[in-house]
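**Student:** Submitted below is the structure of interest, expressed as structure tokens.
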Amino acid sequence: MPEITLPLRTERLVLRRFEGRDLDTFHAYHSLPETARFLPGPAKSYTKSMESVGKYANFSFDKEGDWICLAIEAADGPGLLGEVVLKWVPGRGQAEVGWTLAPEARGQGYGSEAAAAVLDLGFGELAFHRIEARLDALNTASAALCERLGMRLEARHVDKWHYKGEWATELVYAILADEWHSR
Ligand SMILES: CC(C)(COP(=O)(O)OP(=O)(O)OC[C@H]1O[C@@H](n2cnc3c(N)ncnc32)[C@H](O)[C@@H]1OP(=O)(O)O)[C@@H](O)C(=O)NCCC(=O)NCCS
């Protein structure tokens with residue numbers, strides 16, 4: 001894998017490596033049950049937030065299973081708006097994308113804009129062939145984001161997960177490098 005050139009810049013956003021100063025804002029939105037509803041674990045304790053920010057600040061991306069988690073910030077002012085993730089999954093040229101925004105940053109297209117920058121990175125510099133997103137079928141905001149990116153709904157796995165005390169149906173969205181470049 002080539003070195004990843006950071007930060008990534010979009011019209012309104014800067015995507016950069018996490019830093020220690022992001023901890024309090026990160027914790028403010030990750031400690032909310034509303035944020036955690038469709039994420040694997042419970043709302044984060046302060047200790048869990050510290051662990052996550054420490055891990056994200058020091059990521060390396062050298063082999064299958066590694067992932068990049070980038071802090072999203074407005075180009076015109078500092079302050080963490082959320083994060084976007086790219087995971088290198090097993091298999092030739094395969095990756096997975098994910099996203100979380102602080103509640104006050106939602107509804108403005110920041111998630112789509114940040115995710116598009118990460119797809120540019122994934123299909124450009126990192127030369128992945130296919131990038132997918134896996135989400136709970138009840139997570140309509142996340143499905144809408146996939147649709148805005150032009151990702152294709154490829155699978156609906158009924159009761160694939162059991163978390164948050166109930167069965168959940170998984171949706172798989174995906175897009176190929178050629179499709180992304182010719183959109
Ligand atoms: C999933 C999540 C990131 C989606 O956030 P979002 O703000 O709805 O998504 P976007 O950033 O793409 O913004 C789209 C919204 O902004 C609006 N918008 C405003 N200006 C816009 C612009 N310039 N460009 C695009 N959309 C814009 C869109 O109309 C849309 O609003 P709507 O939902 O009322 O139709 C957010 O709900 C979240 O963080 N959830 C909790 C964590 C989570 O579940 N993560 C995913 C796990 S799979």
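Simple scheme: letters A, B, ... for chains in structure tokens order, numbers from 1 for residues in each chain, numbers from 1 for ligands in the order shown.
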Name the residues of region 116-165 of chain A that fall into helix (DSSP H, G or I) according to DSSP on the backbone, using the chain letters and numbers of this document, as number ranges by chain.
**Tutor:** A: 116-123, 140-149
**Student:** Could you make a table, as CSV, of the residues of region 115-152 of chain A that have an atom within 12 Å of an atom of region 96-108 of chain A, each with its nearest atom pair and distance in Å to one decimal, counting only C-alpha atoms, in chain and number order?
**Tutor:**
```
residue,atom,partner,partner_atom,distance
A:Ala115,CA,A:Trp99,CA,7.3
A:Ala116,CA,A:Val97,CA,10.1
A:Ala117,CA,A:Val97,CA,11.1
A:Val118,CA,A:Val97,CA,8.0
A:Leu119,CA,A:Val97,CA,8.0
A:Asp120,CA,A:Val97,CA,11.7
A:Leu121,CA,A:Val97,CA,11.3
A:Gly122,CA,A:Val97,CA,9.2
A:Phe123,CA,A:Glu96,CA,11.7
A:Phe128,CA,A:Glu96,CA,10.0
A:His129,CA,A:Glu96,CA,11.1
A:Arg130,CA,A:Glu96,CA,8.3
A:Ile131,CA,A:Glu96,CA,5.1
A:Glu132,CA,A:Glu96,CA,4.7
A:Ala133,CA,A:Val97,CA,5.4
A:Arg134,CA,A:Glu96,CA,7.8
A:Leu135,CA,A:Gly98,CA,9.0
A:Asn139,CA,A:Thr100,CA,12.0
A:Ala141,CA,A:Gly107,CA,9.5
A:Ser142,CA,A:Trp99,CA,8.2
A:Ala143,CA,A:Gly98,CA,11.2
A:Ala144,CA,A:Gly107,CA,11.4
A:Leu145,CA,A:Trp99,CA,9.5
A:Cys146,CA,A:Gly98,CA,9.8
A:Leu149,CA,A:Val97,CA,11.5
A:Met151,CA,A:Val97,CA,11.1
```
**Student:** Within 8 Å of Leu6 (chain A), counting only C-alpha atoms, which residues show up once you throw out same-chain ones fewer than 3 positions away? Write them as a list in words, please.
**Tutor:**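 Answer for this query is Leu15, Arg16 and Arg17 of chain A.
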**Student:** My list of candidates is A:Glu83, A:Tyr29, A:Ile4, A:Met50. Which is closest to Asp62 (chain A) when distances are computed with only C-alpha atoms?
**Tutor:**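 Selected residue with least distance to Asp62 (chain A): A:Ile4.
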**Student:** Using only C-alpha atoms, which residues sit within 9 Å of Asn58 (chain A) once same-chain residues fewer than 4 positions away are excluded, as a ChimeraX atom specification?
**Tutor:** /A:17-18,53-54
**Student:** Keeping N, CA and C atoms, export the residues of the selection given above as a CSV table (one decimal), in the first residue's frame.
**Tutor:**
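Okay, out33.csv is ready:
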```csv
chain,number,residue,atom,x,y,z
A,17,ARG,N,-5.9,13.1,10.4
A,17,ARG,CA,-5.7,12.1,11.5
A,17,ARG,C,-6.3,12.6,12.8
A,18,PHE,N,-6.8,11.8,13.6
A,18,PHE,CA,-7.3,12.2,15.0
A,18,PHE,C,-6.1,12.7,15.8
A,53,VAL,N,-9.8,7.2,20.4
A,53,VAL,CA,-9.1,8.3,19.8
A,53,VAL,C,-7.6,8.0,19.7
A,54,GLY,N,-7.1,7.3,20.8
A,54,GLY,CA,-5.7,6.9,20.7
A,54,GLY,C,-5.4,6.0,19.6
```
**Student:** Run DSSP on the backbone and give me the residues of chain A it puts in strand (DSSP E), as a PyMOL selection string.
**Tutor:** chain A and resi 8-9+13-17+67-74+80-88+94-101+130-136+152-163+166-176
**Student:** State, in Å with one decimal place, the distance from atom 12 (O, counted along the ligand's line) of ligand 1 to CA of Glu179 (chain A).
**Tutor:**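 Interatomic distance here is 19.4 Å.
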**Student:** Determine, counting only C-alpha atoms, which protein, DNA and RNA residues have an atom within 12 Å of an atom of Asp22 (chain A); residues of the same chain fewer than 2 positions away are not included. Present the result as a list in words.
**Tutor:** Arg16, Arg17, Phe18, Glu19, Gly20, Asp24, Thr25, Phe26, His27, Ala28, Tyr29, His30, Ser49, Met50, Ser52, Val53, Gly54, Tyr56, Ala57, Leu70, Ala71, Ile72, Glu73, Pro78, Gly79, Leu80, Leu81, Gly82 and Glu83 of chain A
